[in-house]
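Chemist: Take a look at work34.cif, mmCIF, C-alpha atoms:
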```cif
data_coords
#
loop_
_atom_site.label_atom_id
_atom_site.label_comp_id
_atom_site.auth_asym_id
_atom_site.auth_seq_id
_atom_site.Cartn_x
_atom_site.Cartn_y
_atom_site.Cartn_z
CA MET A 1 63.55 73.43 73.12
CA ALA A 2 66.73 75.24 74.23
CA SER A 3 68.17 78.08 72.22
CA TYR A 4 71.78 77.65 71.12
CA ALA A 5 74.38 79.95 69.64
CA ILE A 6 77.66 79.10 68.01
CA PHE A 7 80.57 80.95 69.67
CA GLU A 8 84.10 80.37 68.42
CA GLY A 9 83.31 76.84 67.32
CA ALA A 10 81.60 75.80 70.58
CA THR A 11 77.92 75.26 71.15
CA MET A 12 76.56 77.37 74.00
CA GLY A 13 73.20 77.15 75.73
CA ILE A 14 71.12 79.99 77.13
CA LYS A 15 72.80 79.72 80.52
CA ASP A 16 76.24 79.98 78.88
CA ASP A 17 75.04 83.00 76.91
CA ALA A 18 74.02 84.73 80.15
CA VAL A 19 77.45 84.11 81.63
CA GLU A 20 79.11 85.49 78.50
CA VAL A 21 76.88 88.60 78.57
CA ARG A 22 77.87 89.27 82.20
CA ALA A 23 81.52 88.61 81.40
CA GLN A 24 81.37 91.06 78.50
CA GLY A 25 79.73 93.60 80.79
CA TRP A 26 82.53 93.11 83.29
CA ARG A 27 85.19 93.56 80.59
CA THR A 28 83.48 96.77 79.45
CA LEU A 29 83.31 98.06 83.02
CA ALA A 30 87.00 97.22 83.52
CA ALA A 31 87.85 99.11 80.31
CA LEU A 32 85.98 102.20 81.53
CA HIS A 33 87.64 101.95 84.94
CA GLY A 34 91.09 101.61 83.33
CA LEU A 35 90.55 104.60 81.06
CA ILE A 36 89.44 106.79 83.97
CA GLU A 37 92.09 105.57 86.40
CA ASN A 38 94.93 106.13 83.91
CA GLU A 39 93.83 109.70 83.26
CA LEU A 40 93.39 110.43 86.97
CA GLU A 41 96.78 108.92 87.79
CA ARG A 42 98.55 111.11 85.22
CA SER A 43 96.81 114.32 86.27
CA LEU A 44 97.02 113.80 90.03
CA GLN A 45 100.70 112.86 89.87
CA ALA A 46 101.55 115.83 87.63
CA GLU A 47 99.58 118.44 89.57
CA SER A 48 99.49 117.20 93.17
CA LYS A 49 102.11 114.45 93.51
CA LEU A 50 99.34 112.04 94.59
CA SER A 51 98.44 108.63 93.23
CA VAL A 52 94.79 107.76 92.69
CA VAL A 53 94.74 105.52 95.76
CA GLU A 54 96.41 108.23 97.88
CA TYR A 55 93.76 110.70 96.71
CA THR A 56 91.09 108.12 97.54
CA VAL A 57 92.41 107.81 101.11
CA LEU A 58 92.49 111.57 101.67
CA ASP A 59 89.05 111.95 100.13
CA ALA A 60 87.58 109.10 102.22
CA LEU A 61 89.01 110.59 105.41
CA SER A 62 87.67 114.05 104.55
CA ARG A 63 84.16 112.66 104.25
CA GLN A 64 84.15 111.20 107.77
CA ASP A 65 82.71 112.93 110.77
CA GLY A 66 85.80 113.97 112.71
CA TRP A 67 87.94 113.14 109.66
CA HIS A 68 89.11 109.77 110.91
CA MET A 69 88.51 106.11 110.13
CA ARG A 70 89.60 102.78 111.50
CA MET A 71 92.24 101.07 109.42
CA GLN A 72 89.78 98.29 108.44
CA GLN A 73 87.32 100.88 107.11
CA LEU A 74 90.09 102.55 105.15
CA ALA A 75 91.11 99.19 103.65
CA ARG A 76 87.52 98.66 102.46
CA ALA A 77 87.26 102.21 101.10
CA THR A 78 90.43 101.75 99.03
CA ALA A 79 89.86 98.08 98.10
CA LEU A 80 93.31 97.24 99.43
CA SER A 81 94.48 94.41 101.65
CA PRO A 82 95.20 95.27 105.28
CA SER A 83 98.97 95.05 104.70
CA ALA A 84 98.80 97.26 101.57
CA THR A 85 96.67 99.75 103.51
CA THR A 86 99.25 99.84 106.30
CA ARG A 87 102.06 100.53 103.81
CA LEU A 88 99.99 103.27 102.16
CA VAL A 89 99.13 104.87 105.51
CA ASN A 90 102.83 104.73 106.47
CA ARG A 91 103.77 106.62 103.28
CA LEU A 92 101.06 109.24 103.79
CA GLU A 93 101.96 109.62 107.45
CA ASP A 94 105.65 110.09 106.50
CA ARG A 95 104.52 112.90 104.20
CA GLY A 96 102.56 114.52 107.05
CA LEU A 97 99.20 114.07 105.27
CA LEU A 98 97.59 111.91 107.93
CA THR A 99 98.21 110.61 111.40
CA ARG A 100 97.24 107.57 113.43
CA ILE A 101 95.46 107.80 116.75
CA LEU A 102 94.74 105.03 119.26
CA CYS A 103 91.05 104.39 119.81
CA ASP A 104 89.98 105.43 123.33
CA ASP A 105 87.54 102.56 123.85
CA ASP A 106 89.64 99.82 122.19
CA ARG A 107 93.40 100.12 122.67
CA ARG A 108 93.95 97.67 119.79
CA GLY A 109 91.96 99.91 117.46
CA ILE A 110 93.75 102.54 115.43
CA TYR A 111 92.15 105.50 113.71
CA THR A 112 93.63 107.22 110.71
CA GLU A 113 93.01 110.94 110.61
CA LEU A 114 93.59 113.64 108.02
CA THR A 115 96.07 116.35 109.05
CA ALA A 116 95.82 120.03 108.12
CA SER A 117 98.46 119.41 105.42
CA GLY A 118 96.47 116.48 104.08
CA SER A 119 93.33 118.58 104.01
CA SER A 120 95.15 121.38 102.21
CA LEU A 121 96.63 119.03 99.59
CA LEU A 122 93.23 117.43 99.07
CA ALA A 123 91.68 120.86 98.52
CA GLU A 124 94.32 121.50 95.83
CA ALA A 125 93.89 118.09 94.24
CA ARG A 126 90.09 117.92 94.22
CA PRO A 127 89.58 120.35 91.28
CA VAL A 128 92.26 118.47 89.30
CA HIS A 129 90.55 115.17 90.08
CA ASP A 130 87.08 116.43 89.23
CA ALA A 131 88.11 118.11 85.96
CA THR A 132 90.07 115.03 84.87
CA LEU A 133 87.18 112.75 85.75
CA GLU A 134 84.81 114.90 83.71
CA ARG A 135 87.18 114.87 80.70
CA ALA A 136 87.68 111.10 80.94
CA LEU A 137 83.94 110.46 81.12
CA ASP A 138 83.36 112.75 78.14
CA ALA A 139 86.03 110.84 76.20
CA ALA A 140 84.40 107.55 77.18
CA LEU A 141 81.06 108.80 75.83
CA ALA A 142 82.69 108.93 72.38
CA ILE A 143 83.49 105.20 72.57
CA PRO A 144 80.34 103.28 71.56
CA GLU A 145 81.05 100.32 73.86
CA LEU A 146 81.57 102.57 76.90
CA ALA A 147 78.88 105.19 76.32
CA PRO A 148 76.01 103.14 77.83
CA LEU A 149 77.97 102.68 81.06
CA VAL A 150 78.77 106.38 81.30
CA ASP A 151 75.10 107.18 80.66
CA ALA A 152 74.09 104.79 83.45
CA LEU A 153 76.30 106.40 86.12
CA PRO A 154 73.83 109.11 87.23
CA ARG A 155 71.09 106.51 87.57
CA LEU A 156 73.33 104.30 89.71
CA HIS A 157 74.10 107.18 92.05
CA ALA A 158 70.40 108.05 92.34
CA ARG A 159 69.69 104.51 93.64
CA THR A 160 72.02 104.83 96.64
#
```
Please render this file's structure as structure tokens.
Modeler:
Amino acid sequence: MASYAIFEGATMGIKDDAVEVRAQGWRTLAALHGLIENELERSLQAESKLSVVEYTVLDALSRQDGWHMRMQQLARATALSPSATTRLVNRLEDRGLLTRILCDDDRRGIYTELTASGSSLLAEARPVHDATLERALDAALAIPELAPLVDALPRLHART
């Protein structure tokens, strides 16, 4: 016999309950992400004149061997569409923080590379980012719905 729960006047089966549990998990994850991103955005803008996504680009490039990435890789790293990535790269290139280089083995391929100015700004911004992230995670620990997710983060990293 199936188990049923009453939810806002509707009868739900076990399968529906599982969907709702995942949906609630997603909403909780989105809340944690929003809390952290808002804090990072404020701090990075105030201290370094960088948005979170701009910081993400500089950070992703700094972690590459040779400090460059193809535009498609950068789009994946930032979770942006190709056109949004191009606009972002244009803005960062205009600021002298990165440059584009044609790929030697594929003339259609374009690499994006961190400049010395971009590296310097990232070095300034990283402590701001890290301290803000730590404060935001500590604040999230005080919110009962978010605390289990924050507690799970080190275990998630250990699995990769």
Chemist: Quick check on the file I pasted: which residues fall under the PyMOL selection byres ((chain A and resi 64-80) around 8)? Write them as a PyMOL selection string.
Modeler: chain A and resi 53+56-57+60-63+81-82+84-86+109-114
Chemist: Write out the residues from the selection above, keeping C-alpha atoms, as a JSON list (two decimals), in the frame of the given file.
Modeler:
```
[["chain", "number", "residue", "atom", "x", "y", "z"],
["A", 53, "VAL", "CA", 94.74, 105.52, 95.76],
["A", 56, "THR", "CA", 91.09, 108.12, 97.54],
["A", 57, "VAL", "CA", 92.41, 107.81, 101.11],
["A", 60, "ALA", "CA", 87.58, 109.10, 102.22],
["A", 61, "LEU", "CA", 89.01, 110.59, 105.41],
["A", 62, "SER", "CA", 87.67, 114.05, 104.55],
["A", 63, "ARG", "CA", 84.16, 112.66, 104.25],
["A", 81, "SER", "CA", 94.48, 94.41, 101.65],
["A", 82, "PRO", "CA", 95.20, 95.27, 105.28],
["A", 84, "ALA", "CA", 98.80, 97.26, 101.57],
["A", 85, "THR", "CA", 96.67, 99.75, 103.51],
["A", 86, "THR", "CA", 99.25, 99.84, 106.30],
["A", 109, "GLY", "CA", 91.96, 99.91, 117.46],
["A", 110, "ILE", "CA", 93.75, 102.54, 115.43],
["A", 111, "TYR", "CA", 92.15, 105.50, 113.71],
["A", 112, "THR", "CA", 93.63, 107.22, 110.71],
["A", 113, "GLU", "CA", 93.01, 110.94, 110.61],
["A", 114, "LEU", "CA", 93.59, 113.64, 108.02]]
```
Chemist: Name every residue that the PyMOL selection byres ((chain A and resi 36) around 12) selects in this structure, writing the answer as a ChimeraX atom specification with chains first and numbers rising.
Modeler: /A:29-35,37-44,52,129-141,146,150
Chemist: Would you please work out which residue, of A:Glu20, A:Pro127, A:Pro154, A:Glu145, is nearest to Tyr55 (chain A) when using all atoms listed in the file?
Modeler: A:Pro127
Chemist: Can you measure CA of Thr28 (chain A) to CA of Leu88 (chain A) for me? One decimal in Å is fine.
Modeler: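 Value for the CA of Thr28 (chain A)-CA of Leu88 (chain A) distance: 28.8 Å.
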Chemist: Could you work out how far CA of Leu149 (chain A) lies from CA of Gln45 (chain A), giving the answer in Å with one decimal?
Modeler: 26.4 Å
Chemist: Go ahead and compute the interatomic distance for CA of Leu58 (chain A) and CA of Leu102 (chain A), in Å to one decimal.
Modeler: 18.9 Å
Chemist: With distances taken over only C-alpha atoms, which of A:Ala158, A:Asp16, A:Ser83, A:Ala116 is nearest to Gly96 (chain A)?
Modeler: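 Distance minimum relative to Gly96 (chain A) lands on A:Ala116.
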Chemist: What's around Leu97 (chain A) at 7 Å? Count all atoms listed in the file, leave out sequence neighbours fewer than 3 positions away in its own chain, and write the answer as a PyMOL selection string.
Modeler: chain A and resi 92-93+114-115+117-118
Chemist: Put a box with edges along x, y and z around all the listed atoms of region 98-107 of chain A, pad it by 6 Å on each side, then give me its centre and sizes in Å, one decimal, as lines of an AutoDock Vina configuration file.
Modeler:
```
center_x = 92.9
center_y = 105.9
center_z = 115.9
size_x = 22.7
size_y = 24.1
size_z = 27.9
```
Chemist: Take the PyMOL selection byres ((chain A and resi 48) around 9), apply it to the structure above, and return the hits as a PyMOL selection string.
Modeler: chain A and resi 43-47+49-51+121-122+124-125+128
Chemist: In terms of the shortest atom-to-atom distance over all atoms listed in the file, which of A:Val19, A:Asp59, A:Glu54, A:Gln24 is closest to Arg126 (chain A)?
Modeler: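 Ranked by minimum distance to Arg126 (chain A), first place goes to A:Asp59.
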